[in-house]
>>> print(open('model_21.cif').read())   # mmCIF, C-alpha atoms
data_run
loop_
_atom_site.label_atom_id
_atom_site.label_comp_id
_atom_site.auth_asym_id
_atom_site.auth_seq_id
_atom_site.Cartn_x
_atom_site.Cartn_y
_atom_site.Cartn_z
CA MET A 1 122.76 154.70 223.92
CA ASN A 2 122.57 155.52 220.20
CA ARG A 3 120.05 158.00 218.86
CA PRO A 4 116.51 156.64 218.41
CA LEU A 5 115.36 155.11 215.14
CA ALA A 6 112.63 157.49 213.93
CA ILE A 7 109.66 155.76 212.34
CA ALA A 8 106.32 156.81 210.88
CA VAL A 9 103.17 154.68 210.98
CA ALA A 10 100.64 154.96 208.15
CA GLY A 11 97.26 153.56 209.10
CA LEU A 12 96.09 153.49 212.71
CA GLY A 13 93.64 150.64 212.58
CA THR A 14 94.06 147.42 214.55
CA VAL A 15 97.63 146.76 213.39
CA GLY A 16 98.93 150.34 213.26
CA ALA A 17 97.63 151.21 216.70
CA GLY A 18 98.98 147.89 217.94
CA VAL A 19 102.47 148.78 216.70
CA VAL A 20 102.43 152.10 218.57
CA ASN A 21 101.20 150.33 221.69
CA VAL A 22 103.85 147.58 221.60
CA LEU A 23 106.67 150.08 221.03
CA ARG A 24 105.58 152.04 224.08
CA ALA A 25 104.65 149.15 226.38
CA ASN A 26 107.90 147.23 225.78
CA ALA A 27 110.16 150.18 225.04
CA ASP A 28 112.92 149.03 227.41
CA ILE A 29 113.41 145.52 226.08
CA ILE A 30 112.95 146.65 222.47
CA ALA A 31 115.66 149.30 222.89
CA ALA A 32 118.01 146.74 224.43
CA ARG A 33 117.46 144.27 221.58
CA ALA A 34 117.58 146.95 218.87
CA GLY A 35 120.66 148.65 220.30
CA ARG A 36 118.77 151.95 220.46
CA PRO A 37 115.23 153.21 221.12
CA ILE A 38 112.62 152.97 218.38
CA ALA A 39 110.43 156.08 218.39
CA VAL A 40 107.21 156.81 216.53
CA THR A 41 107.54 160.41 215.37
CA ALA A 42 104.82 160.73 212.72
CA VAL A 43 101.53 159.08 211.81
CA SER A 44 98.90 159.17 209.11
CA ALA A 45 95.23 158.21 209.32
CA ARG A 46 91.97 159.45 207.91
CA ASP A 47 90.19 160.55 211.09
CA ARG A 48 92.11 162.58 213.66
CA ALA A 49 89.17 162.65 216.08
CA ARG A 50 88.75 158.89 216.39
CA ASP A 51 89.75 157.38 219.72
CA ARG A 52 92.24 154.60 219.02
CA GLY A 53 93.03 153.86 222.64
CA ILE A 54 96.56 155.25 222.43
CA PRO A 55 97.86 158.79 223.06
CA LEU A 56 98.96 160.48 219.83
CA SER A 57 99.82 163.95 221.11
CA GLY A 58 103.21 165.28 220.06
CA LEU A 59 103.35 163.25 216.85
CA ARG A 60 103.44 164.88 213.43
CA TRP A 61 100.17 164.07 211.65
CA TYR A 62 99.76 163.72 207.90
CA GLU A 63 96.41 163.59 206.14
CA ASP A 64 98.13 162.22 203.03
CA PRO A 65 100.06 159.04 203.89
CA VAL A 66 102.34 159.44 200.88
CA ALA A 67 103.63 162.65 202.47
CA LEU A 68 105.30 160.54 205.15
CA ALA A 69 107.84 159.48 202.55
CA ALA A 70 109.03 163.08 202.17
CA ASP A 71 109.44 163.74 205.90
CA PRO A 72 113.21 164.26 206.38
CA GLN A 73 113.02 163.19 210.02
CA VAL A 74 111.57 159.75 209.23
CA GLU A 75 113.97 156.85 208.65
CA VAL A 76 111.48 153.97 208.42
CA VAL A 77 107.90 153.95 207.10
CA VAL A 78 105.54 151.35 208.57
CA GLU A 79 102.66 150.71 206.17
CA CYS A 80 99.50 149.42 207.89
CA ILE A 81 96.93 150.73 205.39
CA GLY A 82 96.27 147.49 203.52
CA GLY A 83 95.16 146.67 200.00
CA SER A 84 97.15 145.76 196.92
CA ASP A 85 96.88 149.19 195.30
CA GLY A 86 95.87 152.76 196.11
CA ALA A 87 97.44 154.63 199.01
CA ALA A 88 99.37 151.64 200.34
CA LYS A 89 101.17 150.98 197.06
CA ALA A 90 101.81 154.68 196.45
CA LEU A 91 103.27 155.12 199.94
CA VAL A 92 105.60 152.12 199.72
CA GLU A 93 106.83 153.14 196.27
CA ALA A 94 107.42 156.73 197.42
CA ALA A 95 109.22 155.65 200.60
CA ILE A 96 111.57 153.35 198.69
CA ALA A 97 112.24 156.04 196.08
CA ALA A 98 113.08 158.44 198.94
CA GLY A 99 115.64 155.98 200.31
CA LYS A 100 113.63 155.02 203.40
CA HIS A 101 113.28 151.54 204.82
CA VAL A 102 109.77 150.06 204.71
CA VAL A 103 108.04 147.61 207.03
CA THR A 104 104.64 146.35 205.96
CA ALA A 105 101.99 143.87 207.07
CA ASN A 106 100.37 144.00 203.63
CA LYS A 107 100.21 140.52 202.09
CA ALA A 108 98.04 141.62 199.16
CA LEU A 109 100.53 144.30 198.12
CA LEU A 110 103.47 141.89 198.27
CA ALA A 111 101.65 139.04 196.52
CA VAL A 112 100.63 141.26 193.61
CA HIS A 113 103.49 143.79 193.38
CA GLY A 114 106.25 142.16 195.41
CA ALA A 115 108.55 141.47 192.47
CA ALA A 116 108.67 145.12 191.37
CA LEU A 117 108.93 146.44 194.92
CA ALA A 118 111.82 144.07 195.66
CA GLU A 119 113.70 145.33 192.60
CA ALA A 120 113.12 148.94 193.65
CA SER A 121 114.24 148.37 197.24
CA GLU A 122 117.32 146.49 196.07
CA ALA A 123 118.24 149.30 193.68
CA ARG A 124 117.92 151.89 196.46
CA GLY A 125 119.69 149.78 199.06
CA VAL A 126 116.83 149.89 201.56
CA ALA A 127 114.99 147.21 203.49
CA LEU A 128 111.51 146.00 202.56
CA ALA A 129 110.48 143.88 205.55
CA PHE A 130 107.21 141.97 205.90
CA GLU A 131 107.29 139.41 208.71
CA ALA A 132 103.76 140.48 209.69
CA ALA A 133 102.33 139.77 206.23
CA VAL A 134 102.07 135.99 206.75
CA ALA A 135 100.66 134.20 209.80
CA GLY A 136 100.67 137.19 212.15
CA GLY A 137 102.83 136.52 215.18
CA ILE A 138 104.34 133.28 213.83
CA PRO A 139 107.89 134.06 212.58
CA ALA A 140 107.19 132.21 209.34
CA ILE A 141 109.07 134.56 207.01
CA LYS A 142 112.33 134.47 208.97
CA ALA A 143 112.01 130.71 209.47
CA VAL A 144 111.61 129.94 205.77
CA ARG A 145 113.91 132.63 204.39
CA GLU A 146 116.72 132.59 206.97
CA GLY A 147 116.31 129.68 209.36
CA LEU A 148 116.01 127.14 206.52
CA ALA A 149 118.43 128.87 204.14
CA ALA A 150 120.67 125.79 203.92
CA ASN A 151 117.84 123.59 202.63
CA ARG A 152 116.21 122.84 199.33
CA ILE A 153 112.60 123.17 200.40
CA GLN A 154 110.27 120.61 198.88
CA ARG A 155 106.98 121.85 200.30
CA VAL A 156 105.59 124.72 202.33
CA ALA A 157 102.00 124.63 203.47
CA GLY A 158 99.65 125.53 206.25
CA ILE A 159 96.51 126.96 207.74
CA LEU A 160 96.90 130.57 206.66
CA ASN A 161 93.53 132.13 207.48
CA GLY A 162 92.17 132.22 211.02
CA THR A 163 88.63 133.18 209.99
CA CYS A 164 88.22 130.05 207.89
CA ASN A 165 89.83 127.88 210.55
CA TYR A 166 87.46 129.27 213.19
CA ILE A 167 84.43 128.62 210.98
CA LEU A 168 85.45 125.04 210.12
CA THR A 169 86.35 124.29 213.75
CA THR A 170 83.01 125.59 215.04
CA MET A 171 81.07 123.72 212.36
CA ARG A 172 82.77 120.52 213.54
CA THR A 173 82.55 120.98 217.30
CA GLU A 174 79.01 122.41 217.35
CA ARG A 175 77.50 120.56 214.34
CA ARG A 176 76.33 123.77 212.71
CA GLU A 177 76.08 124.92 209.10
CA PHE A 178 78.42 127.33 207.36
CA ALA A 179 76.08 130.32 207.02
CA GLU A 180 75.13 130.27 210.71
CA VAL A 181 78.74 130.07 211.90
CA LEU A 182 79.86 132.79 209.48
CA HIS A 183 77.23 135.12 210.90
CA GLU A 184 78.48 134.40 214.41
CA ALA A 185 82.11 134.99 213.34
CA GLN A 186 81.09 138.40 211.98
CA ARG A 187 79.34 139.24 215.25
CA LEU A 188 82.43 138.27 217.25
CA GLY A 189 84.75 140.25 215.00
CA TYR A 190 86.55 137.21 213.55
CA ALA A 191 85.09 137.89 210.09
CA GLU A 192 84.65 141.15 208.18
CA ALA A 193 81.27 142.55 207.16
CA ASP A 194 82.29 141.51 203.63
CA PRO A 195 84.07 138.22 204.37
CA SER A 196 84.76 137.20 200.76
CA PHE A 197 88.56 137.72 200.90
CA ASP A 198 88.72 135.25 203.77
CA ILE A 199 86.10 132.63 202.99
CA ASP A 200 86.85 132.53 199.25
CA GLY A 201 90.51 131.75 199.96
CA ILE A 202 92.03 134.95 198.53
CA ASP A 203 93.71 136.04 201.77
CA ALA A 204 95.32 132.61 202.17
CA ALA A 205 96.39 132.67 198.51
CA HIS A 206 98.18 136.00 198.98
CA LYS A 207 100.13 134.49 201.87
CA LEU A 208 100.88 131.28 200.00
CA ALA A 209 102.25 133.22 197.03
CA ILE A 210 104.69 134.94 199.40
CA LEU A 211 105.75 131.69 201.08
CA ALA A 212 106.23 129.97 197.72
CA ALA A 213 108.51 132.76 196.48
CA LEU A 214 110.65 132.46 199.61
CA ALA A 215 110.68 128.66 199.66
CA PHE A 216 111.56 128.11 196.03
CA GLY A 217 113.64 131.20 195.22
CA ARG A 218 111.43 132.41 192.41
CA PRO A 219 109.61 135.69 191.69
CA VAL A 220 106.34 136.02 193.58
CA ASP A 221 103.39 135.04 191.36
CA PHE A 222 99.92 135.36 192.86
CA SER A 223 98.27 134.68 189.50
CA ALA A 224 99.66 131.12 189.54
CA VAL A 225 97.81 130.14 192.75
CA HIS A 226 94.73 127.95 192.33
CA VAL A 227 92.14 129.28 194.78
CA GLU A 228 89.00 127.73 196.28
CA GLY A 229 87.21 128.79 199.46
CA ILE A 230 85.00 127.10 202.03
CA ARG A 231 81.50 128.24 201.03
CA ASP A 232 80.60 124.77 199.73
CA VAL A 233 81.76 122.82 202.79
CA SER A 234 78.67 121.52 204.59
CA ALA A 235 78.09 120.22 208.09
CA LEU A 236 77.43 116.84 206.46
CA ASP A 237 80.87 116.89 204.85
CA ILE A 238 82.50 117.63 208.20
CA ALA A 239 80.55 114.86 209.97
CA LEU A 240 81.35 112.32 207.26
CA ALA A 241 85.00 113.36 207.27
CA GLU A 242 85.15 112.59 210.99
CA GLU A 243 83.53 109.22 210.40
CA LEU A 244 86.24 108.47 207.85
CA GLY A 245 89.00 109.58 210.23
CA TYR A 246 89.64 113.06 208.79
CA ARG A 247 89.18 116.73 209.59
CA ILE A 248 88.55 119.45 207.03
CA LYS A 249 90.93 122.42 206.90
CA LEU A 250 91.46 125.20 204.39
CA LEU A 251 95.11 124.71 203.43
CA GLY A 252 97.58 126.56 201.27
CA ILE A 253 100.09 124.16 199.71
CA ALA A 254 103.12 124.97 197.56
CA LYS A 255 105.15 122.01 196.36
CA ARG A 256 108.11 121.32 194.13
CA GLU A 257 107.09 118.66 191.63
CA GLU A 258 108.39 117.22 188.41
CA GLY A 259 108.18 119.99 185.84
CA GLY A 260 107.67 122.94 188.17
CA ILE A 261 105.96 124.35 191.25
CA SER A 262 102.32 123.82 192.22
CA THR A 263 100.56 126.40 194.42
CA ARG A 264 97.00 125.84 195.57
CA VAL A 265 94.53 126.90 198.26
CA HIS A 266 91.44 124.77 198.89
CA PRO A 267 89.63 122.74 201.55
CA CYS A 268 91.46 119.52 202.41
CA MET A 269 90.69 116.42 204.40
CA VAL A 270 93.67 115.67 206.63
CA PRO A 271 94.05 112.63 208.92
CA ALA A 272 92.59 113.43 212.35
CA GLY A 273 95.82 112.34 214.02
CA ALA A 274 98.02 114.72 212.03
CA PRO A 275 99.41 117.66 214.04
CA ILE A 276 97.87 120.21 211.67
CA ALA A 277 94.42 118.65 212.16
CA ARG A 278 94.56 119.74 215.78
CA VAL A 279 95.21 123.40 214.99
CA ASP A 280 91.79 124.85 215.78
CA GLY A 281 89.94 128.13 216.16
CA VAL A 282 91.62 131.30 214.93
CA PHE A 283 95.10 129.79 215.08
CA ASN A 284 97.38 129.47 212.04
CA ALA A 285 100.09 126.93 211.27
CA VAL A 286 102.95 126.82 208.78
CA VAL A 287 104.74 123.62 207.75
CA ALA A 288 107.99 123.51 205.77
CA GLU A 289 109.90 120.48 204.55
CA GLY A 290 113.61 120.76 203.72
CA ASP A 291 116.06 118.18 202.41
CA PHE A 292 118.32 118.40 205.49
CA VAL A 293 116.09 119.73 208.26
CA GLY A 294 113.09 117.52 207.50
CA ARG A 295 109.66 118.71 208.59
CA VAL A 296 109.22 121.88 210.65
CA MET A 297 105.86 123.12 211.96
CA MET A 298 105.03 126.44 213.60
CA GLU A 299 101.68 127.31 215.19
CA GLY A 300 100.28 130.49 216.70
CA ARG A 301 97.94 133.41 216.34
CA GLY A 302 97.77 134.56 212.74
CA ALA A 303 96.03 137.91 213.21
CA GLY A 304 95.07 140.54 215.75
CA ALA A 305 96.72 143.66 217.12
CA GLY A 306 99.23 141.98 219.42
CA PRO A 307 100.58 139.15 217.24
CA THR A 308 100.79 141.25 214.06
CA ALA A 309 102.35 144.24 215.82
CA SER A 310 104.87 141.88 217.41
CA ALA A 311 105.99 140.81 213.94
CA VAL A 312 106.20 144.42 212.70
CA VAL A 313 108.39 145.40 215.64
CA ALA A 314 110.66 142.39 215.05
CA ASP A 315 111.39 143.83 211.60
CA LEU A 316 112.05 147.26 213.11
CA VAL A 317 114.57 145.72 215.50
CA ASP A 318 116.40 144.15 212.55
CA ILE A 319 116.53 147.50 210.74
CA ALA A 320 117.76 149.26 213.86
CA ARG A 321 120.57 146.71 214.07
CA GLY A 322 121.43 147.11 210.39
CA ARG A 323 120.39 143.55 209.50
CA PHE A 324 119.13 143.68 205.92
CA THR A 325 118.08 140.56 204.04
CA PRO A 326 117.12 140.45 200.34
CA VAL A 327 113.35 140.59 200.09
CA TRP A 328 112.94 137.10 198.61
CA GLY A 329 116.02 135.59 200.27
CA ALA A 330 118.36 136.17 197.34
CA ALA A 331 119.14 139.01 194.95
CA THR A 332 116.51 139.57 192.28
CA SER A 333 118.99 138.46 189.62
CA ALA A 334 119.41 135.10 191.40
CA LEU A 335 115.70 134.21 191.44
CA LYS A 336 114.65 131.43 189.10
CA PRO A 337 111.30 131.75 187.28
CA GLU A 338 110.41 128.06 187.53
CA PRO A 339 107.24 126.97 185.71
CA SER A 340 103.93 126.99 187.57
CA LEU A 341 101.96 123.78 187.26
CA PRO A 342 98.22 124.04 186.50
CA MET A 343 95.72 122.48 188.88
CA ASP A 344 94.67 119.79 186.42
CA ARG A 345 98.16 118.28 186.79
CA HIS A 346 97.50 117.58 190.49
CA THR A 347 97.32 113.96 191.58
CA GLY A 348 96.03 112.65 194.87
CA ALA A 349 93.13 111.00 196.67
CA TYR A 350 89.65 112.55 196.69
CA TYR A 351 86.46 112.61 198.75
CA LEU A 352 83.35 112.84 196.57
CA ARG A 353 79.87 113.53 197.98
CA LEU A 354 76.78 112.86 195.87
CA MET A 355 73.09 113.37 196.60
CA VAL A 356 71.29 110.73 194.57
CA VAL A 357 67.78 109.37 194.27
CA ASP A 358 67.67 106.06 196.13
CA ARG A 359 66.73 103.57 193.43
CA PRO A 360 68.27 100.43 191.91
CA GLY A 361 71.13 100.92 189.46
CA VAL A 362 72.25 104.38 190.55
CA ILE A 363 75.49 103.26 192.20
CA ALA A 364 76.28 101.09 189.18
CA ASP A 365 75.87 104.13 186.92
CA VAL A 366 78.18 106.21 189.11
CA THR A 367 80.88 103.55 189.42
CA GLY A 368 80.66 102.96 185.67
CA VAL A 369 81.58 106.59 185.03
CA LEU A 370 84.46 106.34 187.48
CA ARG A 371 85.66 103.15 185.76
CA ASP A 372 85.61 104.91 182.39
CA HIS A 373 87.96 107.56 183.79
CA ALA A 374 90.27 105.00 185.43
CA ILE A 375 89.37 106.16 188.96
CA SER A 376 89.75 103.45 191.60
CA LEU A 377 87.62 103.59 194.75
CA GLU A 378 88.98 103.09 198.25
CA SER A 379 85.66 103.24 200.12
CA MET A 380 81.96 104.02 199.74
CA LEU A 381 79.39 105.13 202.34
CA GLN A 382 75.65 105.42 201.84
CA ARG A 383 73.72 107.02 204.69
CA GLY A 384 70.23 105.63 205.21
CA ARG A 385 67.59 104.24 202.88
CA ALA A 386 64.81 106.39 201.46
CA PRO A 387 63.43 104.69 198.33
CA GLY A 388 62.60 107.29 195.71
CA GLU A 389 64.14 110.13 197.75
CA ALA A 390 67.60 111.71 197.82
CA VAL A 391 70.31 110.20 200.02
CA PRO A 392 73.99 111.06 200.42
CA VAL A 393 76.60 108.76 198.93
CA VAL A 394 80.25 109.32 199.77
CA LEU A 395 83.13 107.91 197.76
CA THR A 396 86.85 108.11 198.49
CA THR A 397 89.35 107.35 195.77
CA HIS A 398 92.84 106.04 195.50
CA GLU A 399 95.38 108.40 193.93
CA THR A 400 94.16 109.77 190.64
CA SER A 401 94.41 112.97 188.60
CA GLU A 402 92.48 116.20 189.03
CA ALA A 403 91.64 116.18 185.32
CA SER A 404 90.12 112.69 185.55
CA VAL A 405 88.06 113.52 188.63
CA ARG A 406 86.73 116.74 187.12
CA ALA A 407 85.75 114.97 183.88
CA ALA A 408 84.04 112.15 185.81
CA LEU A 409 82.10 114.54 188.06
CA ALA A 410 80.82 116.46 185.04
CA ARG A 411 79.34 113.24 183.69
CA ILE A 412 78.01 112.15 187.10
CA ALA A 413 76.33 115.53 187.63
CA ALA A 414 74.42 114.99 184.37
CA LEU A 415 72.87 111.70 185.56
CA ASP A 416 69.14 112.15 186.18
CA ALA A 417 69.42 110.47 189.61
CA VAL A 418 71.93 113.08 190.88
CA VAL A 419 69.97 115.94 192.44
CA GLU A 420 72.76 118.31 193.57
CA LYS A 421 76.13 119.45 192.29
CA PRO A 422 78.61 116.82 193.51
CA GLY A 423 80.96 117.88 196.28
CA LEU A 424 84.72 117.40 196.04
CA ILE A 425 87.39 117.69 198.74
CA ARG A 426 91.00 116.66 198.23
CA ILE A 427 92.64 114.35 200.75
CA GLU A 428 96.10 115.44 201.93
CA ALA A 429 98.62 113.65 204.12
CA LEU A 430 100.22 116.80 205.51
#
>>> encode(input="model_21.cif", output="structure tokens")
Amino acid sequence: MNRPLAIAVAGLGTVGAGVVNVLRANADIIAARAGRPIAVTAVSARDRARDRGIPLSGLRWYEDPVALAADPQVEVVVECIGGSDGAAKALVEAAIAAGKHVVTANKALLAVHGAALAEASEARGVALAFEAAVAGGIPAIKAVREGLAANRIQRVAGILNGTCNYILTTMRTERREFAEVLHEAQRLGYAEADPSFDIDGIDAAHKLAILAALAFGRPVDFSAVHVEGIRDVSALDIALAEELGYRIKLLGIAKREEGGISTRVHPCMVPAGAPIARVDGVFNAVVAEGDFVGRVMMEGRGAGAGPTASAVVADLVDIARGRFTPVWGAATSALKPEPSLPMDRHTGAYYLRLMVVDRPGVIADVTGVLRDHAISLESMLQRGRAPGEAVPVVLTTHETSEASVRAALARIAALDAVVEKPGLIRIEAL
């Protein structure tokens, strides 16, 4: 058998330790599929004394992760540090400059700096692989970039954050409010102590930016993604959505439209019978639509030591076999910087939730505003009667524009009978 592929792992948290564990536990089948053994020879982490549940004796240890790039015995650097800047960025840049292949699970780094890193890796003739950066163990990158290479992709979308999907699923099945379920998710380890990257949609937006670059053959552009999280989704919204035949999911959606590409992350109401509506708990799903293949959907675990390490090792097997693919599916010079469409150009159906004082004339005032902005209603629900007190009123619209809905809601919010900021959720037939 050929000599082992020597790799170094920077960052020995959940993912980094998982990579070491997978390489050792499945060493025989990995070597057979890679054509040679894959051996961890060096590591870097902040605390040598910490018990990570894996033996680390005999490995070269670096306090400074960037020093891994200068180790002459390392052929591939696996970056599991995380973050869009700092040590992770410095390590990847140094490794590429040193002519070493890089495998990373770092979606933030790729979403923000992926264009420059792709140019650098292309210039040096080394691989920059990142299957683990999107949807954990789901082979979404290879599917979109290689499996669907013959297609013009019209849309790529999905449930890209397991924390949010767990929270929304539990709110629905247990009829509980957001804050209570978030606290439980933190206790169970599904949410971080500071959960803002997850619940505010930023993590999903990083992943969507990557998928959009692959799907549409354009430079990665995180700044173009419209981002909303799930903080404002209430248990009432979820219950009313069910009554209307929908479920609420945080979706990332990138779509080719007239005039450019739209990329957006926000809560959506999807028909309860749609396959993606049944993707629950911490699971992720990715949907792609191509002109020849049609609709493809993949579902699986989007995070955790095992699924993410599985994706990292898949990239290592490719490198061991000498299979190198351009970072974004085509050479940098072949990428097309298509325009990004702003969110106010979006058109679709909407769910609007109002809390209004129950008195004569209120609904007429609301529908008058909607009429002024050419918004047509599909349905209206009013829950209960409480003369002189606040009651929920739910409206669903026919297809209309984001700009019209936003302008109408600003006027509706100013009505003296409206006692809370109106809620808005977009309806998607995904």
>>> closest_residue(input="model_21.cif", among="A:Val313, A:Ile261, A:Ala39, A:Val282", to="Val220 in chain A", atoms="only C-alpha atoms")
A:Ile261
>>> axis_aligned_box(input="model_21.cif", around="range 102-108 of chain A", padding_each_side="3 Å", output="lines of an AutoDock Vina configuration file")
center_x = 103.9
center_y = 145.3
center_z = 203.1
size_x = 17.7
size_y = 15.5
size_z = 13.9
>>> resolve_selection(input="model_21.cif", expression="the PyMOL selection byres ((chain A and resi 74-85) around 8)", output="count of residues only")
39
>>> resolve_selection(input="model_21.cif", expression="the PyMOL selection byres ((chain A and resi 324) around 9)", output="list of chain:residue names")
A:Val126, A:Ala127, A:Leu128, A:Ala129, A:Asp318, A:Ile319, A:Arg321, A:Gly322, A:Arg323, A:Thr325, A:Pro326, A:Val327
>>> atom_distance(input="model_21.cif", atom1="CA of Tyr62 in chain A", atom2="CA of Phe197 in chain A")
29.2 Å
>>> resolve_selection(input="model_21.cif", expression="the PyMOL selection byres ((chain A and resi 140-148) around 10)", output="number ranges by chain")
A: 129-139, 149-153, 156, 210-217, 285-293, 296-299, 311, 315, 325-330
>>> write_last_selection(input="model_21.cif", atoms="C-alpha atoms", output="compact mmCIF listing (two decimals), keeping the file's coordinate frame")
# COMPACT_ATOMS: atom_id res chain seq x y z
CA ALA A 129 110.48 143.88 205.55
CA PHE A 130 107.21 141.97 205.90
CA GLU A 131 107.29 139.41 208.71
CA ALA A 132 103.76 140.48 209.69
CA ALA A 133 102.33 139.77 206.23
CA VAL A 134 102.07 135.99 206.75
CA ALA A 135 100.66 134.20 209.80
CA GLY A 136 100.67 137.19 212.15
CA GLY A 137 102.83 136.52 215.18
CA ILE A 138 104.34 133.28 213.83
CA PRO A 139 107.89 134.06 212.58
CA ALA A 149 118.43 128.87 204.14
CA ALA A 150 120.67 125.79 203.92
CA ASN A 151 117.84 123.59 202.63
CA ARG A 152 116.21 122.84 199.33
CA ILE A 153 112.60 123.17 200.40
CA VAL A 156 105.59 124.72 202.33
CA ILE A 210 104.69 134.94 199.40
CA LEU A 211 105.75 131.69 201.08
CA ALA A 212 106.23 129.97 197.72
CA ALA A 213 108.51 132.76 196.48
CA LEU A 214 110.65 132.46 199.61
CA ALA A 215 110.68 128.66 199.66
CA PHE A 216 111.56 128.11 196.03
CA GLY A 217 113.64 131.20 195.22
CA ALA A 285 100.09 126.93 211.27
CA VAL A 286 102.95 126.82 208.78
CA VAL A 287 104.74 123.62 207.75
CA ALA A 288 107.99 123.51 205.77
CA GLU A 289 109.90 120.48 204.55
CA GLY A 290 113.61 120.76 203.72
CA ASP A 291 116.06 118.18 202.41
CA PHE A 292 118.32 118.40 205.49
CA VAL A 293 116.09 119.73 208.26
CA VAL A 296 109.22 121.88 210.65
CA MET A 297 105.86 123.12 211.96
CA MET A 298 105.03 126.44 213.60
CA GLU A 299 101.68 127.31 215.19
CA ALA A 311 105.99 140.81 213.94
CA ASP A 315 111.39 143.83 211.60
CA THR A 325 118.08 140.56 204.04
CA PRO A 326 117.12 140.45 200.34
CA VAL A 327 113.35 140.59 200.09
CA TRP A 328 112.94 137.10 198.61
CA GLY A 329 116.02 135.59 200.27
CA ALA A 330 118.36 136.17 197.34
